[in-house]
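> A single structure is presented below for examination.
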Amino acid sequence: QQGVRVNSVHPGIIETLLAKTMGDEQMKAIIASTPMAKMGRPIDIATMSLFLCTDEAAFITGSEFVVDGGWGAQ
């Protein structure tokens, strides 16, 4: 009624300063367990977020978007 839409974006491991604080072994283990075998980039999250703000997403609400390279689908 108010025209408000609520969605959420759930990122996986993303190349950020925080991710770089993990040890090399932990980082390699996470990447190895991710089907796409790589870390996401900040632009991957930004692109999804931006799409949700466009007119093309005007009928999307109450949805969760997982952007994690397939990690959570295992």
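Residue numbering restarts at 1 in every chain; chains get A, B, ... in the order shown in the structure tokens, and ligands count up from 1 in that same order.
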Which residues, written as a PyMOL selection string, have at least one atom at most 10 Å from Ser33 in chain A, with only C-alpha atoms counted and residues fewer than 2 positions away on the same chain left out?
chain A and resi 28-31+35-38+69-72+74
> For the structure I just gave you, how does DSSP split chain A - specifically, which residues are strand (DSSP E)? Reply as a VMD selection string.
chain A and resid 8 to 11 64 to 67
> Grab the residues selected above and save them as a PDB file, in the first residue's frame with C-alpha atoms.

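Written output follows (again.pdb):
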ATOM      1  CA  SER A   8      17.875  -8.653   1.337  1.00  0.00           C
ATOM      2  CA  VAL A   9      21.224  -9.508  -0.205  1.00  0.00           C
ATOM      3  CA  HIS A  10      23.299 -12.231   1.472  1.00  0.00           C
ATOM      4  CA  PRO A  11      26.952 -12.058   0.419  1.00  0.00           C
ATOM      5  CA  GLU A  64      16.422 -12.991  -0.258  1.00  0.00           C
ATOM      6  CA  PHE A  65      19.240 -12.980  -2.794  1.00  0.00           C
ATOM      7  CA  VAL A  66      22.278 -15.100  -2.013  1.00  0.00           C
ATOM      8  CA  VAL A  67      25.396 -13.883  -3.800  1.00  0.00           C
TER       9      VAL A  67
END
> Residues near Ile60 in chain A, anyone? I mean within 8 Å using only C-alpha atoms, not counting same-chain ones fewer than 4 positions away, as a PyMOL selection string.
chain A and resi 5+7+52
> One number please: CA of Gly3 in chain A to CA of Asp44 in chain A, in Å, one decimal.
26.5 Å
> Nearest residue to Thr16 in chain A out of A:Ala32, A:Gln2, A:Ile43, A:Ser49, using only C-alpha atoms?
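Looking at the shortest contact to Thr16 in chain A, the residue is A:Ile43.
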> As a VMD selection string, which residues of chain A does DSSP assign to helix (DSSP H, G or I)?
chain A and resid 19 to 21 24 to 32 42 to 52 55 to 57 71 to 73
> Would you write out those residues with N, CA and C atoms, as a CSV table (one decimal), in the first residue's frame?

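To be explicit, this is the file written out as part.csv:
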chain,number,residue,atom,x,y,z
A,19,ALA,N,38.3,-9.6,4.8
A,19,ALA,CA,38.6,-10.9,4.3
A,19,ALA,C,40.1,-11.1,4.3
A,20,LYS,N,40.9,-10.1,4.0
A,20,LYS,CA,42.3,-10.2,3.9
A,20,LYS,C,42.9,-10.5,5.3
A,21,THR,N,42.2,-10.3,6.3
A,21,THR,CA,42.7,-10.5,7.7
A,21,THR,C,42.7,-12.0,8.0
A,24,ASP,N,46.0,-17.4,5.3
A,24,ASP,CA,46.0,-18.0,3.9
A,24,ASP,C,45.3,-19.4,3.9
A,25,GLU,N,45.6,-20.2,4.9
A,25,GLU,CA,45.0,-21.5,4.9
A,25,GLU,C,43.5,-21.5,5.0
A,26,GLN,N,43.0,-20.6,5.8
A,26,GLN,CA,41.5,-20.4,5.9
A,26,GLN,C,40.9,-19.9,4.6
A,27,MET,N,41.6,-18.9,4.0
A,27,MET,CA,41.1,-18.4,2.8
A,27,MET,C,41.1,-19.5,1.7
A,28,LYS,N,42.1,-20.2,1.6
A,28,LYS,CA,42.2,-21.3,0.6
A,28,LYS,C,41.1,-22.3,0.8
A,29,ALA,N,40.8,-22.7,2.1
A,29,ALA,CA,39.8,-23.6,2.4
A,29,ALA,C,38.4,-23.1,2.0
A,30,ILE,N,38.1,-21.9,2.2
A,30,ILE,CA,36.8,-21.3,1.8
A,30,ILE,C,36.7,-21.3,0.3
A,31,ILE,N,37.7,-20.8,-0.4
A,31,ILE,CA,37.7,-20.8,-1.9
A,31,ILE,C,37.5,-22.2,-2.4
A,32,ALA,N,38.2,-23.2,-1.8
A,32,ALA,CA,38.1,-24.6,-2.3
A,32,ALA,C,36.7,-25.1,-2.1
A,42,PRO,N,33.4,-6.8,-4.5
A,42,PRO,CA,32.4,-5.9,-4.0
A,42,PRO,C,31.4,-5.5,-5.1
A,43,ILE,N,31.8,-5.4,-6.4
A,43,ILE,CA,30.9,-5.1,-7.5
A,43,ILE,C,29.8,-6.1,-7.6
A,44,ASP,N,30.1,-7.4,-7.3
A,44,ASP,CA,29.0,-8.4,-7.4
A,44,ASP,C,27.9,-8.1,-6.5
A,45,ILE,N,28.2,-7.7,-5.3
A,45,ILE,CA,27.1,-7.3,-4.3
A,45,ILE,C,26.5,-6.0,-4.7
A,46,ALA,N,27.3,-5.0,-5.2
A,46,ALA,CA,26.7,-3.7,-5.6
A,46,ALA,C,25.8,-3.9,-6.7
A,47,THR,N,26.1,-4.8,-7.7
A,47,THR,CA,25.3,-4.9,-8.9
A,47,THR,C,23.9,-5.5,-8.5
A,48,MET,N,23.9,-6.5,-7.6
A,48,MET,CA,22.6,-7.0,-7.1
A,48,MET,C,21.8,-6.0,-6.4
A,49,SER,N,22.4,-5.2,-5.5
A,49,SER,CA,21.8,-4.2,-4.8
A,49,SER,C,21.2,-3.1,-5.7
A,50,LEU,N,22.0,-2.7,-6.7
A,50,LEU,CA,21.5,-1.7,-7.6
A,50,LEU,C,20.3,-2.2,-8.4
A,51,PHE,N,20.4,-3.5,-8.9
A,51,PHE,CA,19.3,-4.0,-9.6
A,51,PHE,C,18.0,-3.9,-8.8
A,52,LEU,N,18.1,-4.2,-7.5
A,52,LEU,CA,16.9,-4.2,-6.7
A,52,LEU,C,16.3,-2.8,-6.6
A,55,ASP,N,13.6,0.0,-11.8
A,55,ASP,CA,12.2,-0.3,-12.2
A,55,ASP,C,12.0,-1.7,-12.6
A,56,GLU,N,13.1,-2.4,-13.1
A,56,GLU,CA,13.0,-3.8,-13.5
A,56,GLU,C,12.7,-4.7,-12.4
A,57,ALA,N,13.0,-4.3,-11.2
A,57,ALA,CA,12.7,-5.1,-10.0
A,57,ALA,C,11.5,-4.6,-9.2
A,71,TRP,N,28.2,-21.3,-2.6
A,71,TRP,CA,28.7,-21.9,-1.4
A,71,TRP,C,27.5,-22.4,-0.5
A,72,GLY,N,26.5,-21.6,-0.4
A,72,GLY,CA,25.3,-22.0,0.4
A,72,GLY,C,24.4,-23.1,-0.2
A,73,ALA,N,24.6,-23.3,-1.5
A,73,ALA,CA,23.7,-24.3,-2.1
A,73,ALA,C,24.2,-25.7,-2.0
> A:Leu18, A:Ala58, A:Ile13, A:Gln1: which is nearest Arg41 in chain A, counting only C-alpha atoms?
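That would be A:Ile13, the residue with the smallest distance to Arg41 in chain A.
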> Nearest residue to Thr34 in chain A out of A:Gly12, A:Val4, A:Thr61, A:Cys53, using only C-alpha atoms?
A:Gly12
